[in-house]
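Student: Okay, so here is run-v3.csv, and as you'll see once you scroll down, it has CSV, C-alpha atoms.
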chain,number,residue,atom,x,y,z
N,1,MET,CA,-139.1,-82.5,17.0
N,2,ALA,CA,-136.4,-85.0,15.9
N,3,ASP,CA,-138.9,-87.3,14.0
N,4,ALA,CA,-139.5,-86.8,10.3
N,5,GLY,CA,-142.3,-84.3,9.7
N,6,ALA,CA,-142.4,-82.9,13.2
N,7,PRO,CA,-142.8,-79.1,13.4
N,8,ALA,CA,-140.0,-76.9,14.7
N,9,VAL,CA,-140.9,-74.6,17.6
N,10,PRO,CA,-140.7,-70.8,17.0
N,11,GLY,CA,-137.2,-70.7,18.4
N,12,ALA,CA,-136.0,-72.6,15.4
N,13,ALA,CA,-137.4,-70.1,12.8
N,14,GLY,CA,-134.2,-68.1,12.3
N,15,ALA,CA,-132.0,-71.3,12.0
N,16,GLY,CA,-134.5,-72.8,9.6
N,17,ALA,CA,-134.4,-69.7,7.4
N,18,ARG,CA,-130.6,-69.8,7.3
N,19,ALA,CA,-130.8,-73.5,6.3
N,20,GLY,CA,-133.1,-72.6,3.4
N,21,LEU,CA,-136.1,-74.3,4.9
N,22,ALA,CA,-139.5,-72.9,3.8
N,23,ASP,CA,-142.1,-71.5,6.2
N,24,ARG,CA,-145.0,-74.0,5.8
N,25,PRO,CA,-147.8,-73.2,8.3
N,26,ASP,CA,-150.3,-74.8,5.9
N,27,LEU,CA,-149.0,-78.2,7.0
N,28,LEU,CA,-150.0,-77.7,10.6
N,29,THR,CA,-153.1,-79.7,11.4
N,30,PRO,CA,-155.2,-78.9,14.5
N,31,GLU,CA,-154.0,-82.2,16.0
N,32,LEU,CA,-150.3,-81.3,15.6
N,33,ARG,CA,-151.0,-77.7,16.9
N,34,ASP,CA,-152.5,-79.1,20.1
N,35,THR,CA,-150.0,-81.9,20.6
N,36,PHE,CA,-147.0,-79.6,20.2
N,37,GLU,CA,-148.8,-76.5,21.8
N,38,LEU,CA,-147.9,-74.4,18.7
N,39,TYR,CA,-150.2,-71.5,19.6
N,40,ASP,CA,-149.9,-67.8,18.8
N,41,LEU,CA,-147.4,-68.2,16.0
N,42,ALA,CA,-148.0,-64.8,14.4
N,43,GLY,CA,-144.8,-63.5,13.1
N,44,SER,CA,-142.9,-66.8,13.5
N,45,ALA,CA,-141.9,-69.1,10.7
N,46,LEU,CA,-142.9,-72.7,11.0
N,47,VAL,CA,-140.5,-75.1,9.4
N,48,TRP,CA,-140.5,-78.9,9.1
N,49,LEU,CA,-137.5,-81.0,9.8
N,50,ASN,CA,-136.4,-84.6,9.4
N,51,ARG,CA,-134.1,-86.2,11.9
N,52,ALA,CA,-130.9,-85.2,10.1
N,53,GLU,CA,-132.0,-81.6,9.7
N,54,SER,CA,-133.0,-81.3,13.4
N,55,ARG,CA,-129.5,-82.5,14.4
N,56,SER,CA,-128.0,-79.7,12.3
N,57,LEU,CA,-129.7,-77.0,14.3
N,58,PRO,CA,-127.6,-75.0,16.7
N,59,PRO,CA,-127.2,-76.5,20.2
N,60,GLU,CA,-129.1,-73.6,21.8
N,61,VAL,CA,-132.1,-74.2,19.6
N,62,ARG,CA,-132.1,-78.0,20.1
N,63,ARG,CA,-132.0,-77.5,23.9
N,64,VAL,CA,-135.4,-75.8,23.9
N,65,GLN,CA,-137.1,-78.6,22.0
N,66,PRO,CA,-139.9,-80.5,23.8
N,67,ALA,CA,-138.1,-83.7,24.8
N,68,ALA,CA,-141.5,-85.4,25.5
N,69,HIS,CA,-142.2,-85.4,21.8
N,70,ARG,CA,-139.0,-86.9,20.5
N,71,TRP,CA,-139.7,-90.6,20.5
N,72,PRO,CA,-140.3,-92.3,17.2
N,73,PHE,CA,-143.8,-93.6,16.6
N,74,ARG,CA,-144.1,-97.4,16.4
N,75,ASP,CA,-147.2,-99.5,16.7
N,76,ASP,CA,-146.1,-101.2,19.9
N,77,SER,CA,-146.9,-101.3,23.6
N,78,ALA,CA,-144.1,-98.9,24.5
N,79,THR,CA,-145.4,-96.2,22.2
N,80,LEU,CA,-148.9,-96.7,23.5
N,81,ARG,CA,-147.6,-96.3,27.1
N,82,ARG,CA,-145.9,-93.0,26.1
N,83,ILE,CA,-149.1,-91.7,24.4
N,84,VAL,CA,-151.2,-92.6,27.5
N,85,GLY,CA,-148.6,-91.0,29.7
N,86,TYR,CA,-148.7,-87.8,27.6
N,87,VAL,CA,-152.5,-87.7,27.8
N,88,GLU,CA,-152.6,-88.3,31.6
N,89,PHE,CA,-149.7,-86.1,32.7
N,90,GLY,CA,-150.8,-83.4,35.1
N,91,ARG,CA,-154.5,-84.0,34.4
N,92,ARG,CA,-157.3,-85.1,36.7
N,93,PRO,CA,-158.8,-88.4,35.6
N,94,SER,CA,-162.5,-88.5,34.8
N,95,ARG,CA,-164.6,-90.1,37.5
N,96,HIS,CA,-167.6,-91.1,35.4
N,97,ARG,CA,-167.5,-94.6,36.8
N,98,ASP,CA,-168.0,-93.2,40.3
N,99,VAL,CA,-171.3,-91.5,39.6
N,100,PRO,CA,-174.1,-93.5,41.1
N,101,ALA,CA,-176.6,-95.0,38.7
N,102,ALA,CA,-179.4,-93.1,40.5
N,103,THR,CA,-177.7,-89.8,39.6
N,104,TRP,CA,-177.6,-90.7,35.9
N,105,ARG,CA,-181.3,-91.7,36.0
N,106,ARG,CA,-182.3,-88.4,37.7
N,107,VAL,CA,-180.3,-86.2,35.2
N,108,ALA,CA,-181.4,-88.1,32.1
N,109,GLY,CA,-184.4,-85.8,31.5
N,110,ALA,CA,-182.4,-82.5,31.8
N,111,LEU,CA,-179.2,-83.8,30.2
N,112,PRO,CA,-180.1,-86.7,27.9
N,113,GLY,CA,-176.7,-86.7,26.2
N,114,ALA,CA,-174.5,-86.6,29.3
N,115,ALA,CA,-174.1,-90.3,30.1
N,116,ALA,CA,-173.1,-91.2,26.6
N,117,LEU,CA,-170.5,-88.4,26.5
N,118,ALA,CA,-168.9,-89.0,29.9
N,119,GLY,CA,-165.4,-90.4,29.7
N,120,THR,CA,-165.2,-90.3,25.9
N,121,PHE,CA,-162.5,-88.8,23.7
N,122,PRO,CA,-163.1,-86.9,20.4
N,123,ASP,CA,-161.8,-88.4,17.2
N,124,ARG,CA,-159.9,-85.2,16.4
N,125,SER,CA,-159.0,-81.8,17.8
N,126,GLY,CA,-161.8,-79.3,17.7
N,127,PRO,CA,-164.8,-80.3,19.9
N,128,ASN,CA,-164.8,-78.0,22.9
N,129,CYS,CA,-166.4,-77.2,26.2
N,130,PHE,CA,-169.3,-75.2,24.7
N,131,GLY,CA,-170.3,-77.9,22.2
N,132,THR,CA,-170.0,-80.5,25.0
N,133,VAL,CA,-172.5,-78.7,27.2
N,134,LEU,CA,-175.0,-78.4,24.4
N,135,GLY,CA,-174.4,-82.0,23.5
N,136,ALA,CA,-175.1,-83.1,27.1
N,137,ALA,CA,-178.3,-81.0,27.0
N,138,GLY,CA,-179.4,-83.0,23.9
N,139,VAL,CA,-178.5,-80.7,21.0
N,140,ASP,CA,-177.9,-83.0,18.1
N,141,GLY,CA,-174.3,-83.0,16.8
N,142,ALA,CA,-173.1,-80.2,19.1
N,143,ALA,CA,-170.6,-82.3,21.0
N,144,GLY,CA,-168.6,-83.0,17.9
N,145,THR,CA,-168.2,-79.3,16.9
N,146,TRP,CA,-165.8,-76.5,17.8
N,147,LEU,CA,-168.6,-74.3,18.9
N,148,GLN,CA,-167.9,-70.5,19.0
N,149,ARG,CA,-169.0,-68.0,21.6
N,150,GLU,CA,-171.9,-66.5,19.7
N,151,PRO,CA,-174.0,-69.7,19.2
N,152,PHE,CA,-173.3,-70.7,22.8
N,153,GLU,CA,-174.5,-67.3,24.1
N,154,ALA,CA,-177.6,-67.7,21.9
N,155,TRP,CA,-178.3,-71.1,23.4
N,156,LEU,CA,-177.8,-69.7,26.9
N,157,ALA,CA,-180.3,-67.0,26.3
N,158,GLU,CA,-182.9,-69.4,24.8
N,159,ARG,CA,-182.5,-72.4,27.1
N,160,THR,CA,-181.4,-71.0,30.5
N,161,VAL,CA,-182.2,-68.4,33.1
N,162,PRO,CA,-179.6,-66.9,35.5
N,163,GLY,CA,-179.3,-68.8,38.8
N,164,GLY,CA,-179.0,-72.3,40.0
N,165,ARG,CA,-176.9,-74.2,42.5
N,166,ASP,CA,-173.9,-76.4,42.3
N,167,ASP,CA,-175.8,-79.4,43.7
N,168,ASP,CA,-178.6,-79.1,41.2
N,169,ALA,CA,-178.9,-81.1,38.0
N,170,GLY,CA,-178.6,-78.9,34.9
N,171,CYS,CA,-176.8,-75.9,36.4
N,172,VAL,CA,-174.6,-74.5,33.6
N,173,LEU,CA,-171.4,-73.1,35.0
N,174,VAL,CA,-170.0,-70.3,32.8
N,175,TRP,CA,-166.6,-68.6,33.4
N,176,ARG,CA,-166.3,-65.1,31.9
N,177,GLY,CA,-163.2,-62.9,31.5
N,178,PRO,CA,-162.9,-59.3,32.6
N,179,ASP,CA,-164.4,-58.2,29.2
N,180,GLY,CA,-167.5,-60.4,29.8
N,181,LEU,CA,-166.7,-62.9,27.1
N,182,VAL,CA,-167.3,-66.5,28.0
N,183,GLN,CA,-164.1,-68.5,28.4
N,184,HIS,CA,-165.2,-71.9,29.6
N,185,ALA,CA,-168.4,-73.8,30.5
N,186,ALA,CA,-169.5,-76.9,32.4
N,187,VAL,CA,-172.8,-78.4,33.6
N,188,THR,CA,-173.7,-80.1,36.8
N,189,LEU,CA,-175.3,-83.5,37.1
N,190,GLY,CA,-176.6,-83.2,40.6
N,191,GLY,CA,-175.2,-84.9,43.7
N,192,GLY,CA,-172.0,-82.8,43.5
N,193,TRP,CA,-170.9,-83.9,40.1
N,194,ALA,CA,-170.1,-81.9,37.0
N,195,LEU,CA,-169.4,-82.6,33.3
N,196,HIS,CA,-166.9,-80.6,31.2
N,197,LYS,CA,-164.4,-80.8,28.4
N,198,PRO,CA,-161.2,-79.0,29.5
N,199,SER,CA,-160.0,-78.0,26.0
N,200,GLN,CA,-160.5,-78.5,22.3
N,201,GLY,CA,-157.5,-80.8,22.0
N,202,TRP,CA,-157.7,-84.4,20.8
N,203,MET,CA,-156.2,-85.5,24.2
N,204,SER,CA,-159.0,-83.8,26.2
N,205,PRO,CA,-161.9,-86.2,27.1
N,206,VAL,CA,-165.3,-85.3,28.4
N,207,LYS,CA,-164.7,-85.5,32.1
N,208,ILE,CA,-166.9,-86.1,35.1
N,209,LEU,CA,-165.4,-84.4,38.2
N,210,ARG,CA,-166.6,-83.4,41.6
N,211,VAL,CA,-167.9,-79.8,41.3
N,212,PRO,CA,-165.0,-78.3,43.4
N,213,ASP,CA,-162.5,-80.0,41.1
N,214,ALA,CA,-164.2,-78.8,38.0
N,215,LYS,CA,-164.1,-75.3,39.4
N,216,LEU,CA,-160.4,-75.6,40.1
N,217,SER,CA,-159.7,-76.9,36.6
N,218,ALA,CA,-161.4,-73.8,35.1
N,219,ARG,CA,-159.8,-71.2,37.4
N,220,ALA,CA,-157.7,-68.5,35.8
N,221,ALA,CA,-156.7,-64.9,36.6
N,222,GLY,CA,-159.6,-62.5,35.9
N,223,ARG,CA,-162.3,-65.1,35.3
N,224,ARG,CA,-165.6,-65.0,37.2
N,225,LEU,CA,-168.1,-67.9,37.6
N,226,HIS,CA,-171.7,-67.3,36.6
N,227,ARG,CA,-174.5,-69.8,37.0
N,228,TYR,CA,-177.5,-70.5,34.7
N,229,ARG,CA,-180.4,-72.9,35.2
N,230,LEU,CA,-181.8,-74.9,32.4
N,231,ARG,CA,-185.4,-74.0,31.6
Would you write out, as structure tokens, the structure that this file holds?
Tutor:
Amino acid sequence: MADAGAPAVPGAAGAGARAGLADRPDLLTPELRDTFELYDLAGSALVWLNRAESRSLPPEVRRVQPAAHRWPFRDDSATLRRIVGYVEFGRRPSRHRDVPAATWRRVAGALPGAAALAGTFPDRSGPNCFGTVLGAAGVDGAAGTWLQREPFEAWLAERTVPGGRDDDAGCVLVWRGPDGLVQHAAVTLGGGWALHKPSQGWMSPVKILRVPDAKLSARAAGRRLHRYRLR
């Protein structure tokens, strides 16, 4: 928040307007949105402050700013450690290096793209869990896209049948909300391992976890888990 060009959180909107700062949501890139968690901003102004302008905000506004985002960016080891710490904070590490070579060999036919995706980061915000599952299943270019529900559902209908077990290779795990809409997806590798991408954020890698941990990561109130077996 205190660095030049950093976005003000919604709590600063009124103060920004009083200071004559323009509402500029057009400057918010997907990467900044995900870094600063600036979601659901409908009805809120988004203003951009340099260091001096941020210091002029009322104390009650400054107190709610995300302190973790206040460091100045420099190309040095300290900045790198902060970035790595931000990416790792509160998140389960990927365990792709723990998967036995035999498991990767067995799953290669059903999920030809899984090994290459495991443990990798996207080069931007956007690629999500649905595209990752399709990419692991060999759909060209899918892993790099922000895939919407409709094409994911179409792929499920074409390439899978209901059923499957967590220890199988190629069991697609799909979490649906109370309205039936798909909310998250993962796919099993066999041997108790699963592949998923937790979010569309740039800081979210394609992870390999034990199946119970993948389930815990995707749990949310009202969601129910459904299983589909690759044809």
Student: Env of Asp179 of chain N: 12 Å cut, atoms = all atoms listed in the file, seq-sep filter 2 positions within chain, self excluded. Answer as a list in words.
Tutor: Trp175, Arg176, Gly177, Leu181, Val182, Gln183, Gly222, Arg223 and Arg224 of chain N
Student: Sorted by chain and rising residue number, which residues of segment 70-112 of chain N lie within 12 Å of segment 120-132 of chain N, and what are their closest atom pairs and distances in Å to one decimal, counting only C-alpha atoms, as CSV?
Tutor:
residue,atom,partner,partner_atom,distance
N:Val87,CA,N:Phe121,CA,10.9
N:Pro93,CA,N:Thr120,CA,11.8
N:Ser94,CA,N:Thr120,CA,9.5
N:Arg95,CA,N:Thr120,CA,11.6
N:His96,CA,N:Thr120,CA,9.8
N:Arg97,CA,N:Thr120,CA,11.9
N:Leu111,CA,N:Thr132,CA,11.1
Student: Taking into account all atoms listed in the file, which residue in the set N:Leu173, N:Arg210, N:His184, N:Thr79 is nearest to Val161 of chain N?
Tutor: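 Using all atoms listed in the file, Val161 of chain N sits closest to N:Leu173.
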Student: What separation in Å, quoted to one decimal, exists between atom CA of Gly109 of chain N and atom CA of Ala214 of chain N?
Tutor: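 Taking atom CA of Gly109 of chain N as the start and atom CA of Ala214 of chain N as the end point, the length is 22.3 Å.
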Student: Expressed in Å to a single decimal, how great is the separation between atom CA of Asp168 of chain N and atom CA of Ala101 of chain N?
Tutor: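 A separation of 16.2 Å between them.
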Student: To one decimal place, how far is atom CA of Pro205 of chain N from atom CA of Arg149 of chain N in Å?
Tutor: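 Atom CA of Pro205 of chain N sits 20.3 Å away from atom CA of Arg149 of chain N.
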Student: Between N:Ala118, N:Ala45, N:Leu27, N:Leu225, which residue has the minimum interatomic distance to Val174 of chain N, considering only C-alpha atoms?
Tutor: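 Comparing N:Ala118, N:Ala45, N:Leu27, N:Leu225 against Val174 of chain N, the winner is N:Leu225.
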Student: Considering all atoms listed in the file, can you say which of N:Ala194, N:Pro25, N:Arg219, N:Ala142 comes closest to Leu41 of chain N?
Tutor: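 Closest to Leu41 of chain N, using all atoms listed in the file: N:Pro25.
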Student: Of the candidates N:Asp166, N:Glu153, N:Asp26, N:Glu60, which one gets nearest to Val47 of chain N if we count all atoms listed in the file?
Tutor: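 Residue with the minimum atom-to-atom distance to Val47 of chain N: N:Asp26.
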